[in-house]
Structure formats: structure tokens, C-alpha cells
>>> print(open('input38.txt').read())   # compact mmCIF, N, CA and C atoms and all ligand atoms
# COMPACT_ATOMS: atom_id res chain seq x y z
N MET A 8 94.90 118.42 108.93
CA MET A 8 95.99 117.45 108.71
C MET A 8 95.45 116.02 108.75
N MET A 9 95.97 115.22 107.88
CA MET A 9 95.57 113.82 107.83
C MET A 9 96.29 113.03 108.92
N THR A 10 95.61 112.06 109.46
CA THR A 10 96.29 111.21 110.46
C THR A 10 97.18 110.19 109.75
N ALA A 11 98.10 109.61 110.53
CA ALA A 11 99.00 108.60 109.96
C ALA A 11 98.20 107.43 109.41
N GLU A 12 97.12 107.12 110.09
CA GLU A 12 96.27 106.01 109.67
C GLU A 12 95.60 106.30 108.32
N GLU A 13 95.11 107.54 108.19
CA GLU A 13 94.47 107.93 106.94
C GLU A 13 95.49 107.90 105.79
N LYS A 14 96.68 108.39 106.09
CA LYS A 14 97.73 108.37 105.06
C LYS A 14 98.06 106.95 104.64
N SER A 15 98.05 106.05 105.61
CA SER A 15 98.40 104.67 105.27
C SER A 15 97.31 104.03 104.42
N VAL A 16 96.05 104.43 104.64
CA VAL A 16 94.95 103.94 103.80
C VAL A 16 95.16 104.40 102.36
N ILE A 17 95.50 105.68 102.21
CA ILE A 17 95.73 106.23 100.87
C ILE A 17 96.95 105.59 100.22
N ARG A 18 98.00 105.43 101.01
CA ARG A 18 99.24 104.83 100.48
C ARG A 18 98.96 103.42 99.94
N LYS A 19 98.17 102.65 100.70
CA LYS A 19 97.83 101.30 100.29
C LYS A 19 97.06 101.32 98.97
N ARG A 20 96.10 102.23 98.89
CA ARG A 20 95.27 102.35 97.70
C ARG A 20 96.12 102.71 96.49
N VAL A 21 97.05 103.67 96.69
CA VAL A 21 97.92 104.11 95.60
C VAL A 21 98.84 102.96 95.16
N ARG A 22 99.41 102.26 96.13
CA ARG A 22 100.31 101.14 95.80
C ARG A 22 99.57 100.07 95.02
N HIS A 23 98.31 99.82 95.41
CA HIS A 23 97.50 98.83 94.71
C HIS A 23 97.28 99.26 93.26
N GLU A 24 96.97 100.54 93.08
CA GLU A 24 96.74 101.03 91.71
C GLU A 24 98.03 100.97 90.88
N ILE A 25 99.16 101.26 91.52
CA ILE A 25 100.45 101.18 90.83
C ILE A 25 100.70 99.76 90.35
N GLN A 26 100.39 98.79 91.21
CA GLN A 26 100.56 97.38 90.86
C GLN A 26 99.70 97.01 89.65
N THR A 27 98.42 97.43 89.69
CA THR A 27 97.50 97.16 88.59
C THR A 27 98.01 97.81 87.30
N LEU A 28 98.49 99.06 87.42
CA LEU A 28 98.99 99.78 86.25
C LEU A 28 100.21 99.09 85.65
N ARG A 29 101.11 98.63 86.51
CA ARG A 29 102.31 97.95 86.01
C ARG A 29 101.93 96.72 85.21
N GLU A 30 100.89 96.01 85.70
CA GLU A 30 100.43 94.83 84.98
C GLU A 30 99.83 95.21 83.62
N SER A 31 99.02 96.29 83.59
CA SER A 31 98.44 96.66 82.29
C SER A 31 99.51 97.20 81.35
N ILE A 32 100.52 97.88 81.89
CA ILE A 32 101.60 98.39 81.03
C ILE A 32 102.33 97.20 80.38
N GLU A 33 102.53 96.16 81.17
CA GLU A 33 103.19 94.96 80.65
C GLU A 33 102.34 94.32 79.54
N THR A 34 101.03 94.17 79.82
CA THR A 34 100.12 93.58 78.84
C THR A 34 100.08 94.41 77.56
N LEU A 35 99.96 95.73 77.72
CA LEU A 35 99.86 96.61 76.55
C LEU A 35 101.15 96.57 75.73
N THR A 36 102.29 96.57 76.41
CA THR A 36 103.56 96.51 75.72
C THR A 36 103.65 95.23 74.89
N ASP A 37 103.19 94.12 75.47
CA ASP A 37 103.16 92.85 74.74
C ASP A 37 102.25 92.92 73.53
N LEU A 38 101.06 93.48 73.72
CA LEU A 38 100.08 93.58 72.62
C LEU A 38 100.64 94.40 71.48
N ILE A 39 101.30 95.50 71.80
CA ILE A 39 101.82 96.38 70.76
C ILE A 39 102.93 95.68 69.98
N SER A 40 103.79 94.96 70.67
CA SER A 40 104.87 94.28 69.94
C SER A 40 104.34 93.08 69.15
N ASP A 41 103.26 92.44 69.65
CA ASP A 41 102.63 91.35 68.89
C ASP A 41 102.06 91.85 67.58
N ASP A 42 101.43 93.02 67.62
CA ASP A 42 100.84 93.61 66.43
C ASP A 42 101.87 93.83 65.35
N GLU A 43 103.05 94.23 65.73
CA GLU A 43 104.09 94.52 64.77
C GLU A 43 104.44 93.29 63.92
N VAL A 44 104.41 92.13 64.55
CA VAL A 44 104.73 90.88 63.86
C VAL A 44 103.68 90.58 62.78
N GLN A 45 102.42 90.99 63.04
CA GLN A 45 101.34 90.67 62.11
C GLN A 45 101.11 91.74 61.05
N SER A 46 102.01 92.68 60.88
CA SER A 46 101.77 93.81 59.98
C SER A 46 101.77 93.41 58.51
N ASP A 47 102.05 92.16 58.16
CA ASP A 47 102.04 91.72 56.77
C ASP A 47 100.65 91.31 56.28
N ALA A 48 99.67 91.31 57.16
CA ALA A 48 98.31 90.90 56.80
C ALA A 48 97.72 91.82 55.72
N ASN A 49 96.57 91.41 55.14
CA ASN A 49 95.96 92.22 54.08
C ASN A 49 95.53 93.61 54.59
N ASP A 50 95.19 94.50 53.64
CA ASP A 50 94.92 95.90 53.98
C ASP A 50 93.85 96.10 55.04
N TRP A 51 92.70 95.41 54.82
CA TRP A 51 91.60 95.58 55.75
C TRP A 51 92.04 95.16 57.15
N PHE A 52 92.68 94.03 57.18
CA PHE A 52 93.15 93.50 58.45
C PHE A 52 94.19 94.41 59.07
N THR A 53 95.10 94.90 58.22
CA THR A 53 96.17 95.77 58.71
C THR A 53 95.61 97.05 59.34
N SER A 54 94.62 97.65 58.64
CA SER A 54 94.10 98.91 59.18
C SER A 54 93.36 98.65 60.49
N LYS A 55 92.69 97.51 60.55
CA LYS A 55 92.01 97.15 61.78
C LYS A 55 93.03 96.94 62.91
N GLU A 56 94.09 96.23 62.56
CA GLU A 56 95.16 95.98 63.51
C GLU A 56 95.78 97.30 63.98
N ASN A 57 95.99 98.20 63.03
CA ASN A 57 96.61 99.48 63.38
C ASN A 57 95.74 100.30 64.33
N THR A 58 94.42 100.24 64.08
CA THR A 58 93.51 100.95 64.96
C THR A 58 93.65 100.41 66.38
N GLY A 59 93.65 99.10 66.49
CA GLY A 59 93.81 98.47 67.79
C GLY A 59 95.13 98.85 68.42
N LYS A 60 96.16 98.91 67.58
CA LYS A 60 97.50 99.24 68.05
C LYS A 60 97.56 100.68 68.56
N GLU A 61 96.90 101.57 67.81
CA GLU A 61 96.85 102.98 68.23
C GLU A 61 96.16 103.11 69.59
N ILE A 62 95.04 102.40 69.73
CA ILE A 62 94.30 102.45 71.00
C ILE A 62 95.19 101.95 72.13
N ASN A 63 95.89 100.84 71.85
CA ASN A 63 96.78 100.29 72.88
C ASN A 63 97.91 101.25 73.20
N LYS A 64 98.45 101.90 72.17
CA LYS A 64 99.53 102.86 72.40
C LYS A 64 99.07 104.02 73.26
N GLN A 65 97.85 104.52 72.93
CA GLN A 65 97.30 105.63 73.72
C GLN A 65 97.06 105.20 75.16
N ALA A 66 96.54 103.98 75.31
CA ALA A 66 96.30 103.46 76.66
C ALA A 66 97.61 103.31 77.41
N LEU A 67 98.65 102.91 76.69
CA LEU A 67 99.96 102.73 77.31
C LEU A 67 100.53 104.08 77.78
N VAL A 68 100.40 105.09 76.92
CA VAL A 68 100.86 106.43 77.28
C VAL A 68 100.13 106.92 78.54
N LYS A 69 98.80 106.73 78.53
CA LYS A 69 97.98 107.16 79.67
C LYS A 69 98.37 106.42 80.94
N ALA A 70 98.56 105.11 80.81
CA ALA A 70 98.92 104.29 81.98
C ALA A 70 100.27 104.74 82.54
N LYS A 71 101.22 105.06 81.65
CA LYS A 71 102.53 105.50 82.11
C LYS A 71 102.46 106.86 82.80
N GLN A 72 101.61 107.76 82.25
CA GLN A 72 101.43 109.07 82.88
C GLN A 72 100.84 108.92 84.27
N ARG A 73 99.81 108.07 84.35
CA ARG A 73 99.13 107.84 85.62
C ARG A 73 100.12 107.24 86.64
N LEU A 74 100.94 106.32 86.17
CA LEU A 74 101.94 105.68 87.04
C LEU A 74 102.90 106.72 87.60
N LYS A 75 103.30 107.65 86.74
CA LYS A 75 104.23 108.71 87.16
C LYS A 75 103.58 109.58 88.24
N ILE A 76 102.31 109.96 88.00
CA ILE A 76 101.58 110.79 88.96
C ILE A 76 101.43 110.07 90.30
N LEU A 77 101.11 108.78 90.23
CA LEU A 77 100.92 108.01 91.46
C LEU A 77 102.22 107.86 92.23
N ASN A 78 103.33 107.69 91.51
CA ASN A 78 104.62 107.62 92.19
C ASN A 78 104.95 108.94 92.88
N GLU A 79 104.53 110.04 92.23
CA GLU A 79 104.73 111.35 92.86
C GLU A 79 103.87 111.50 94.11
N VAL A 80 102.64 110.95 94.06
CA VAL A 80 101.76 110.99 95.24
C VAL A 80 102.43 110.28 96.41
N LEU A 81 103.04 109.12 96.14
CA LEU A 81 103.72 108.38 97.21
C LEU A 81 104.83 109.22 97.85
N LYS A 82 105.49 110.05 97.03
CA LYS A 82 106.55 110.91 97.56
C LYS A 82 105.96 112.08 98.34
N ARG A 83 104.82 112.58 97.84
CA ARG A 83 104.21 113.78 98.43
C ARG A 83 103.42 113.48 99.70
N ILE A 84 102.97 112.24 99.85
CA ILE A 84 102.00 111.90 100.88
C ILE A 84 102.46 112.29 102.29
N ASP A 85 103.76 112.26 102.55
CA ASP A 85 104.26 112.60 103.89
C ASP A 85 104.58 114.08 104.06
N SER A 86 104.45 114.83 102.98
CA SER A 86 104.71 116.26 103.12
C SER A 86 103.48 116.95 103.70
N PRO A 87 103.68 118.01 104.49
CA PRO A 87 102.53 118.66 105.14
C PRO A 87 101.55 119.25 104.13
N ALA A 88 102.01 119.49 102.92
CA ALA A 88 101.16 120.10 101.90
C ALA A 88 100.19 119.10 101.28
N TYR A 89 100.47 117.81 101.49
CA TYR A 89 99.59 116.80 100.89
C TYR A 89 98.22 116.84 101.56
N GLY A 90 97.18 116.86 100.74
CA GLY A 90 95.82 116.88 101.29
C GLY A 90 95.33 118.29 101.60
N ILE A 91 96.18 119.30 101.25
CA ILE A 91 95.78 120.69 101.43
C ILE A 91 95.47 121.26 100.06
N CYS A 92 94.32 121.92 99.94
CA CYS A 92 93.92 122.51 98.67
C CYS A 92 94.91 123.59 98.25
N THR A 93 95.39 123.52 97.01
CA THR A 93 96.39 124.48 96.55
C THR A 93 95.77 125.86 96.30
N VAL A 94 94.44 125.92 96.22
CA VAL A 94 93.78 127.21 95.96
C VAL A 94 93.38 127.91 97.27
N CYS A 95 92.54 127.24 98.09
CA CYS A 95 92.04 127.91 99.29
C CYS A 95 92.86 127.57 100.54
N LYS A 96 93.83 126.64 100.40
CA LYS A 96 94.73 126.24 101.49
C LYS A 96 94.02 125.55 102.65
N LYS A 97 92.81 125.09 102.40
CA LYS A 97 92.09 124.34 103.44
C LYS A 97 92.32 122.84 103.23
N PRO A 98 92.23 122.07 104.33
CA PRO A 98 92.41 120.62 104.16
C PRO A 98 91.32 120.03 103.26
N ILE A 99 91.73 119.15 102.37
CA ILE A 99 90.77 118.47 101.51
C ILE A 99 90.21 117.29 102.31
N PRO A 100 88.86 117.12 102.35
CA PRO A 100 88.28 116.02 103.14
C PRO A 100 88.90 114.67 102.78
N PHE A 101 89.12 113.87 103.83
CA PHE A 101 89.77 112.58 103.65
C PHE A 101 89.05 111.70 102.62
N GLU A 102 87.70 111.72 102.65
CA GLU A 102 86.94 110.89 101.71
C GLU A 102 87.31 111.21 100.26
N ARG A 103 87.54 112.49 99.99
CA ARG A 103 87.92 112.90 98.63
C ARG A 103 89.34 112.43 98.30
N MET A 104 90.24 112.57 99.27
CA MET A 104 91.62 112.14 99.04
C MET A 104 91.69 110.63 98.85
N LYS A 105 90.82 109.91 99.57
CA LYS A 105 90.80 108.46 99.47
C LYS A 105 90.31 108.05 98.08
N ALA A 106 89.27 108.74 97.61
CA ALA A 106 88.71 108.42 96.30
C ALA A 106 89.63 108.91 95.19
N MET A 107 90.32 110.02 95.43
CA MET A 107 91.18 110.64 94.40
C MET A 107 92.51 111.06 95.02
N PRO A 108 93.41 110.11 95.25
CA PRO A 108 94.66 110.44 95.96
C PRO A 108 95.51 111.49 95.23
N THR A 109 95.22 111.72 93.95
CA THR A 109 96.00 112.68 93.19
C THR A 109 95.43 114.10 93.30
N ALA A 110 94.30 114.25 94.00
CA ALA A 110 93.65 115.56 94.09
C ALA A 110 94.55 116.60 94.76
N THR A 111 94.59 117.79 94.19
CA THR A 111 95.36 118.87 94.81
C THR A 111 94.44 120.04 95.16
N ARG A 112 93.15 119.87 94.85
CA ARG A 112 92.17 120.92 95.16
C ARG A 112 90.96 120.32 95.84
N CYS A 113 90.29 121.10 96.67
CA CYS A 113 89.07 120.63 97.31
C CYS A 113 87.92 120.70 96.31
N LEU A 114 86.78 120.18 96.73
CA LEU A 114 85.62 120.09 95.83
C LEU A 114 85.17 121.48 95.36
N SER A 115 85.17 122.48 96.26
CA SER A 115 84.69 123.81 95.87
C SER A 115 85.66 124.50 94.91
N CYS A 116 86.96 124.21 95.04
CA CYS A 116 87.92 124.84 94.14
C CYS A 116 88.15 124.00 92.89
N GLY A 117 87.68 122.73 92.96
CA GLY A 117 87.71 121.73 91.90
C GLY A 117 88.54 122.06 90.73
ZN ZN A 201 89.89 124.76 97.97
>>> encode(input="input38.txt", output="C-alpha cells", more="lines below")
Ligand SMILES: [Zn+2]
Amino acid sequence: MMTAEEKSVIRKRVRHEIQTLRESIETLTDLISDDEVQSDANDWFTSKENTGKEINKQALVKAKQRLKILNEVLKRIDSPAYGICTVCKKPIPFERMKAMPTATRCLSCG
């Protein structure tokens, strides 16, 4: 079982990442809507713009997925199952949970 102190370290780390993600989601959303305004440019430019837009859209989707997972971690962190490997049911080492708060398996069950 993780101590309250360890959980608070993880919670802080997760909250920090959520904050960073919210900022990138905002930036990406702005970039995508800016691109739309410039869609009248010539073909070469347009295709280049579209490529950038696609990359931004994919990054936005990924950021939103990650945000959802992290919000779930914040809900799960106080449950007794948090930090327990779903395969072998052994506690996952704190160092691994700290580095990967979304981990649901230990290193051996990876
Ligand atoms: Zn395991």
C-alpha cells in the first residue's frame, strides 16, 4: 500500500501534468482555428498548412485522451486498488507509479 505522502507526491505530479496539458490543448485549439482562416492560400501552401493542421489535430486528440486518463487517475488514487498490479495483484513499486502514474501493471507484468 502506498503511504498518504507517496500518494500526495503522485497527485501533485498528475495535477501538474493536467495543467500543462490544458495549456497545450488551448494552444492547439487556437492553432487549428487559425489555420482555417488561412485556407485560401495557394495549393502548395494549403497542403503544407493542412499537414500542420492534421498534426495539430492528432496532438489535440492525444492531449485530450491523456487528460481524461489523468483525471481518472486523480479519482482512482485514493482507492485501495491504485498502485496494485492488475495482473499479479502485487503492489507496483512507488518509483514506477511516480514515473508513470497511469500504470496499472508492474514491470514484470508490463
Ligand atoms: Zn504484476
>>> closest_residue(input="input38.txt", among="A:Ala88, A:Ile39, A:Ile99, A:Ile25", to="Lys64 in chain A", atoms="all atoms listed in the file")
A:Ile39
>>> residues_near_ligand(input="input38.txt", ligand="ligand ZN 201 (chain A)", cutoff="6 Å", atoms="all atoms listed in the file", output="list in words")
Cys92, Thr93, Val94, Cys95, Lys96, Lys97, Arg112, Cys113, Leu114, Ser115, Cys116 and Gly117 of chain A
>>> atom_distance(input="input38.txt", atom1="CA of Lys71 in chain A", atom2="atom N of Thr111 in chain A")
19.0 Å
>>> closest_residue(input="input38.txt", among="A:Ser15, A:His23, A:Arg29, A:Lys82", to="Ala70 in chain A", atoms="all atoms listed in the file")
A:Arg29
>>> residues_around(input="input38.txt", residues="Ile32 in chain A", least_positions_apart="6", cutoff="8 Å", atoms="all atoms listed in the file", output="list in words")
Gln26, Leu38, Ala66, Leu67, Val68, Ala70 and Lys71 of chain A
>>> write_last_selection(input="input38.txt", atoms="N, CA and C atoms", output="PDB file, keeping the file's coordinate frame")
ATOM      1  N   GLN A  26     100.390  98.790  91.210  1.00  0.00           N
ATOM      2  CA  GLN A  26     100.560  97.380  90.860  1.00  0.00           C
ATOM      3  C   GLN A  26      99.700  97.010  89.650  1.00  0.00           C
ATOM      4  N   LEU A  38     101.060  93.480  73.720  1.00  0.00           N
ATOM      5  CA  LEU A  38     100.080  93.580  72.620  1.00  0.00           C
ATOM      6  C   LEU A  38     100.640  94.400  71.480  1.00  0.00           C
ATOM      7  N   ALA A  66      96.540 103.980  75.310  1.00  0.00           N
ATOM      8  CA  ALA A  66      96.300 103.460  76.660  1.00  0.00           C
ATOM      9  C   ALA A  66      97.610 103.310  77.410  1.00  0.00           C
ATOM     10  N   LEU A  67      98.650 102.910  76.690  1.00  0.00           N
ATOM     11  CA  LEU A  67      99.960 102.730  77.310  1.00  0.00           C
ATOM     12  C   LEU A  67     100.530 104.080  77.780  1.00  0.00           C
ATOM     13  N   VAL A  68     100.400 105.090  76.920  1.00  0.00           N
ATOM     14  CA  VAL A  68     100.860 106.430  77.280  1.00  0.00           C
ATOM     15  C   VAL A  68     100.130 106.920  78.540  1.00  0.00           C
ATOM     16  N   ALA A  70      98.560 105.110  80.810  1.00  0.00           N
ATOM     17  CA  ALA A  70      98.920 104.290  81.980  1.00  0.00           C
ATOM     18  C   ALA A  70     100.270 104.740  82.540  1.00  0.00           C
ATOM     19  N   LYS A  71     101.220 105.060  81.650  1.00  0.00           N
ATOM     20  CA  LYS A  71     102.530 105.500  82.110  1.00  0.00           C
ATOM     21  C   LYS A  71     102.460 106.860  82.800  1.00  0.00           C
TER      22      LYS A  71
END
>>> atom_distance(input="input38.txt", atom1="atom N of Lys14 in chain A", atom2="CA of Glu30 in chain A")
25.4 Å
>>> atom_distance(input="input38.txt", atom1="CA of Thr109 in chain A", atom2="atom N of Thr10 in chain A")
16.3 Å
>>> closest_residue(input="input38.txt", among="A:Ala11, A:Pro108, A:Ser40, A:Glu102", to="Leu77 in chain A", atoms="only C-alpha atoms")
A:Pro108
>>> closest_residue(input="input38.txt", among="A:Ser31, A:Ala110, A:Asp41, A:Arg103", to="Ile91 in chain A", atoms="only N, CA and C atoms")
A:Ala110
>>> decode(input="input38.txt", residues="range 62-94 of chain A", atoms="N, CA and C atoms", output="PDB file, in the first residue's frame")
ATOM      1  N   ILE A  62      -1.415  17.392 -37.975  1.00  0.00           N
ATOM      2  CA  ILE A  62      -0.524  17.068 -36.856  1.00  0.00           C
ATOM      3  C   ILE A  62      -1.077  17.682 -35.573  1.00  0.00           C
ATOM      4  N   ASN A  63      -1.511  18.940 -35.683  1.00  0.00           N
ATOM      5  CA  ASN A  63      -2.074  19.605 -34.505  1.00  0.00           C
ATOM      6  C   ASN A  63      -3.345  18.917 -34.030  1.00  0.00           C
ATOM      7  N   LYS A  64      -4.172  18.492 -34.978  1.00  0.00           N
ATOM      8  CA  LYS A  64      -5.413  17.804 -34.606  1.00  0.00           C
ATOM      9  C   LYS A  64      -5.121  16.495 -33.885  1.00  0.00           C
ATOM     10  N   GLN A  65      -4.130  15.750 -34.434  1.00  0.00           N
ATOM     11  CA  GLN A  65      -3.754  14.489 -33.791  1.00  0.00           C
ATOM     12  C   GLN A  65      -3.199  14.737 -32.390  1.00  0.00           C
ATOM     13  N   ALA A  66      -2.375  15.783 -32.289  1.00  0.00           N
ATOM     14  CA  ALA A  66      -1.805  16.126 -30.982  1.00  0.00           C
ATOM     15  C   ALA A  66      -2.912  16.520 -30.012  1.00  0.00           C
ATOM     16  N   LEU A  67      -3.919  17.214 -30.527  1.00  0.00           N
ATOM     17  CA  LEU A  67      -5.035  17.642 -29.692  1.00  0.00           C
ATOM     18  C   LEU A  67      -5.832  16.437 -29.190  1.00  0.00           C
ATOM     19  N   VAL A  68      -6.092  15.490 -30.094  1.00  0.00           N
ATOM     20  CA  VAL A  68      -6.812  14.274 -29.706  1.00  0.00           C
ATOM     21  C   VAL A  68      -6.035  13.528 -28.618  1.00  0.00           C
ATOM     22  N   LYS A  69      -4.713  13.403 -28.842  1.00  0.00           N
ATOM     23  CA  LYS A  69      -3.862  12.703 -27.868  1.00  0.00           C
ATOM     24  C   LYS A  69      -3.860  13.415 -26.523  1.00  0.00           C
ATOM     25  N   ALA A  70      -3.738  14.741 -26.570  1.00  0.00           N
ATOM     26  CA  ALA A  70      -3.703  15.526 -25.332  1.00  0.00           C
ATOM     27  C   ALA A  70      -5.010  15.363 -24.568  1.00  0.00           C
ATOM     28  N   LYS A  71      -6.138  15.348 -25.296  1.00  0.00           N
ATOM     29  CA  LYS A  71      -7.434  15.193 -24.637  1.00  0.00           C
ATOM     30  C   LYS A  71      -7.592  13.807 -24.024  1.00  0.00           C
ATOM     31  N   GLN A  72      -7.084  12.780 -24.736  1.00  0.00           N
ATOM     32  CA  GLN A  72      -7.141  11.416 -24.200  1.00  0.00           C
ATOM     33  C   GLN A  72      -6.321  11.311 -22.921  1.00  0.00           C
ATOM     34  N   ARG A  73      -5.114  11.886 -22.990  1.00  0.00           N
ATOM     35  CA  ARG A  73      -4.207  11.855 -21.839  1.00  0.00           C
ATOM     36  C   ARG A  73      -4.846  12.589 -20.649  1.00  0.00           C
ATOM     37  N   LEU A  74      -5.486  13.707 -20.936  1.00  0.00           N
ATOM     38  CA  LEU A  74      -6.145  14.493 -19.893  1.00  0.00           C
ATOM     39  C   LEU A  74      -7.238  13.672 -19.216  1.00  0.00           C
ATOM     40  N   LYS A  75      -7.982  12.939 -20.025  1.00  0.00           N
ATOM     41  CA  LYS A  75      -9.060  12.097 -19.497  1.00  0.00           C
ATOM     42  C   LYS A  75      -8.487  11.014 -18.574  1.00  0.00           C
ATOM     43  N   ILE A  76      -7.408  10.370 -19.044  1.00  0.00           N
ATOM     44  CA  ILE A  76      -6.767   9.313 -18.256  1.00  0.00           C
ATOM     45  C   ILE A  76      -6.239   9.874 -16.932  1.00  0.00           C
ATOM     46  N   LEU A  77      -5.627  11.054 -17.007  1.00  0.00           N
ATOM     47  CA  LEU A  77      -5.064  11.652 -15.795  1.00  0.00           C
ATOM     48  C   LEU A  77      -6.152  12.045 -14.810  1.00  0.00           C
ATOM     49  N   ASN A  78      -7.276  12.534 -15.324  1.00  0.00           N
ATOM     50  CA  ASN A  78      -8.396  12.856 -14.439  1.00  0.00           C
ATOM     51  C   ASN A  78      -8.926  11.595 -13.754  1.00  0.00           C
ATOM     52  N   GLU A  79      -8.894  10.479 -14.502  1.00  0.00           N
ATOM     53  CA  GLU A  79      -9.310   9.213 -13.905  1.00  0.00           C
ATOM     54  C   GLU A  79      -8.337   8.766 -12.819  1.00  0.00           C
ATOM     55  N   VAL A  80      -7.032   9.012 -13.054  1.00  0.00           N
ATOM     56  CA  VAL A  80      -6.020   8.671 -12.048  1.00  0.00           C
ATOM     57  C   VAL A  80      -6.304   9.426 -10.746  1.00  0.00           C
ATOM     58  N   LEU A  81      -6.642  10.712 -10.871  1.00  0.00           N
ATOM     59  CA  LEU A  81      -6.940  11.506  -9.671  1.00  0.00           C
ATOM     60  C   LEU A  81      -8.112  10.913  -8.891  1.00  0.00           C
ATOM     61  N   LYS A  82      -9.073  10.326  -9.619  1.00  0.00           N
ATOM     62  CA  LYS A  82     -10.220   9.699  -8.948  1.00  0.00           C
ATOM     63  C   LYS A  82      -9.826   8.364  -8.322  1.00  0.00           C
ATOM     64  N   ARG A  83      -8.928   7.650  -9.032  1.00  0.00           N
ATOM     65  CA  ARG A  83      -8.546   6.301  -8.592  1.00  0.00           C
ATOM     66  C   ARG A  83      -7.527   6.302  -7.468  1.00  0.00           C
ATOM     67  N   ILE A  84      -6.771   7.388  -7.351  1.00  0.00           N
ATOM     68  CA  ILE A  84      -5.593   7.403  -6.481  1.00  0.00           C
ATOM     69  C   ILE A  84      -5.916   7.035  -5.026  1.00  0.00           C
ATOM     70  N   ASP A  85      -7.109   7.344  -4.554  1.00  0.00           N
ATOM     71  CA  ASP A  85      -7.467   7.036  -3.166  1.00  0.00           C
ATOM     72  C   ASP A  85      -8.104   5.662  -3.003  1.00  0.00           C
ATOM     73  N   SER A  86      -8.335   4.991  -4.113  1.00  0.00           N
ATOM     74  CA  SER A  86      -8.919   3.652  -3.986  1.00  0.00           C
ATOM     75  C   SER A  86      -7.819   2.650  -3.650  1.00  0.00           C
ATOM     76  N   PRO A  87      -8.148   1.610  -2.878  1.00  0.00           N
ATOM     77  CA  PRO A  87      -7.111   0.652  -2.456  1.00  0.00           C
ATOM     78  C   PRO A  87      -6.468  -0.072  -3.643  1.00  0.00           C
ATOM     79  N   ALA A  88      -7.158  -0.100  -4.766  1.00  0.00           N
ATOM     80  CA  ALA A  88      -6.648  -0.815  -5.931  1.00  0.00           C
ATOM     81  C   ALA A  88      -5.575  -0.020  -6.671  1.00  0.00           C
ATOM     82  N   TYR A  89      -5.487   1.277  -6.370  1.00  0.00           N
ATOM     83  CA  TYR A  89      -4.494   2.089  -7.068  1.00  0.00           C
ATOM     84  C   TYR A  89      -3.087   1.679  -6.638  1.00  0.00           C
ATOM     85  N   GLY A  90      -2.220   1.475  -7.620  1.00  0.00           N
ATOM     86  CA  GLY A  90      -0.844   1.090  -7.314  1.00  0.00           C
ATOM     87  C   GLY A  90      -0.678  -0.414  -7.140  1.00  0.00           C
ATOM     88  N   ILE A  91      -1.786  -1.161  -7.387  1.00  0.00           N
ATOM     89  CA  ILE A  91      -1.720  -2.621  -7.325  1.00  0.00           C
ATOM     90  C   ILE A  91      -1.775  -3.141  -8.755  1.00  0.00           C
ATOM     91  N   CYS A  92      -0.859  -4.038  -9.088  1.00  0.00           N
ATOM     92  CA  CYS A  92      -0.810  -4.603 -10.431  1.00  0.00           C
ATOM     93  C   CYS A  92      -2.097  -5.387 -10.715  1.00  0.00           C
ATOM     94  N   THR A  93      -2.721  -5.104 -11.853  1.00  0.00           N
ATOM     95  CA  THR A  93      -3.989  -5.767 -12.173  1.00  0.00           C
ATOM     96  C   THR A  93      -3.776  -7.224 -12.573  1.00  0.00           C
ATOM     97  N   VAL A  94      -2.532  -7.595 -12.880  1.00  0.00           N
ATOM     98  CA  VAL A  94      -2.257  -8.977 -13.296  1.00  0.00           C
ATOM     99  C   VAL A  94      -1.843  -9.851 -12.107  1.00  0.00           C
TER     100      VAL A  94
END
